[in-house]
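Heads up: the structure comes next, in structure tokens.
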Amino acid sequence: MAASKKDTGKKEGPNYVHQNAILCETIKKEQRNQKIYTEYNINQFKKMETLAGKPNSKYDSAFGLGEVDSTFLELFKKSNQIPVEKYPEPQTEAQAIGWYSKPLIDVDKSDSRLYFARRNTEITKYMDAAWRQMEQQQNMN
């Protein structure tokens with residue numbers, strides 16, 4: 001009977017040709033989906049800390065001798081804006097609450113139907129003073 005490879009007990013070494021073909025295929029797939037970025041900017045969604053320039057550097061841009069990157073300044077200004085100024089519409093449902101903060105109609109203080117001013121009478125003035133005095137006594141103890 002013919003002896004099989006398993007019966008001989010010898011282990012065959014790795015097939016370098018197949019391993020190289022797999023490696024080449026993996027590299028081609030990675031290069032096909034890879035994007036190489038050569039322009040780097042700040043992350044506009046992360047809070048930045050301001051750093052002082054080097055005091056003895058003659059090339060520091062803080063003194064007007066270096067170049068000013070306009071795209072960096074635009075992104076920096078945009079990152080410090082409030083969401084209402086950044087976006088034309090709310091981005092989440094939580095932002096939608098209070099997004100349109102301008103009142104629908106102007107408040108007319110002479111119209112008693114829409115304007116309810118706080119009115120103080122003799123009794124309310126007395127009770128305000130009494131509550132204030134009671135709170136002061138509790139804070140003293």
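Numbering starts fresh at 1 for the residues of each chain in the structure tokens, the chains themselves are lettered A, B, ... in the order given, and ligands are numbered from 1 as they appear.
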Enumerate as a PyMOL selection string all residues of chain A assigned to alpha helix (DSSP H) by DSSP on the backbone, naming them with the chain letters and numbers the document uses. chain A and resi 5-8+16-33+70-79+83-86+93-96+122-140
Using only C-alpha atoms, I'd like a table of the residues in range 27-54 of chain A that come within 9 Å of range 69-77 of chain A; for each, show the closest atom pair and its distance in Å rounded to one decimal, ordered by chain and ascending number, as JSON lines.
```
{"residue": "A:Asn41", "atom": "CA", "partner": "A:Phe72", "partner_atom": "CA", "distance": 6.7}
{"residue": "A:Ile42", "atom": "CA", "partner": "A:Phe72", "partner_atom": "CA", "distance": 7.1}
{"residue": "A:Asn43", "atom": "CA", "partner": "A:Leu75", "partner_atom": "CA", "distance": 8.4}
{"residue": "A:Gln44", "atom": "CA", "partner": "A:Leu75", "partner_atom": "CA", "distance": 6.1}
{"residue": "A:Met48", "atom": "CA", "partner": "A:Phe76", "partner_atom": "CA", "distance": 8.7}
```
Restricting it to N, CA, C and O atoms, dump the selection as a compact mmCIF listing (two decimals), in the first residue's frame.
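Saved the output as part-v4.txt:
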```txt
# COMPACT_ATOMS: atom_id res chain seq x y z
N ASN A 41 -5.07 69.62 9.68
CA ASN A 41 -5.70 70.75 10.35
C ASN A 41 -6.07 70.35 11.76
O ASN A 41 -5.96 69.18 12.15
N ILE A 42 -6.59 71.31 12.50
CA ILE A 42 -7.02 71.02 13.87
C ILE A 42 -8.36 70.32 13.85
O ILE A 42 -9.11 70.41 12.87
N ASN A 43 -8.66 69.64 14.92
CA ASN A 43 -9.98 69.05 15.09
C ASN A 43 -10.89 70.14 15.64
O ASN A 43 -10.73 70.58 16.77
N GLN A 44 -11.86 70.58 14.84
CA GLN A 44 -12.68 71.72 15.23
C GLN A 44 -13.70 71.36 16.29
O GLN A 44 -14.35 72.23 16.85
N MET A 48 -9.62 73.53 22.46
CA MET A 48 -8.18 73.74 22.37
C MET A 48 -7.70 74.63 23.51
O MET A 48 -8.41 75.53 23.94
```
Between CA of Glu85 in chain A and CA of Asp108 in chain A lies a distance of 28.5 Å
One residue among A:Phe45, A:Tyr16, A:Tyr100, A:Tyr37 is nearest to Gln81 in chain A when using only C-alpha atoms, and that residue is A:Phe45
Record the distance separating CA of Ala52 in chain A and CA of Ser79 in chain A, expressed in Å with one decimal.
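CA of Ser79 in chain A lies 19.6 Å from CA of Ala52 in chain A.
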Between CA of Pro14 in chain A and CA of Thr26 in chain A lies a distance of 18.2 Å
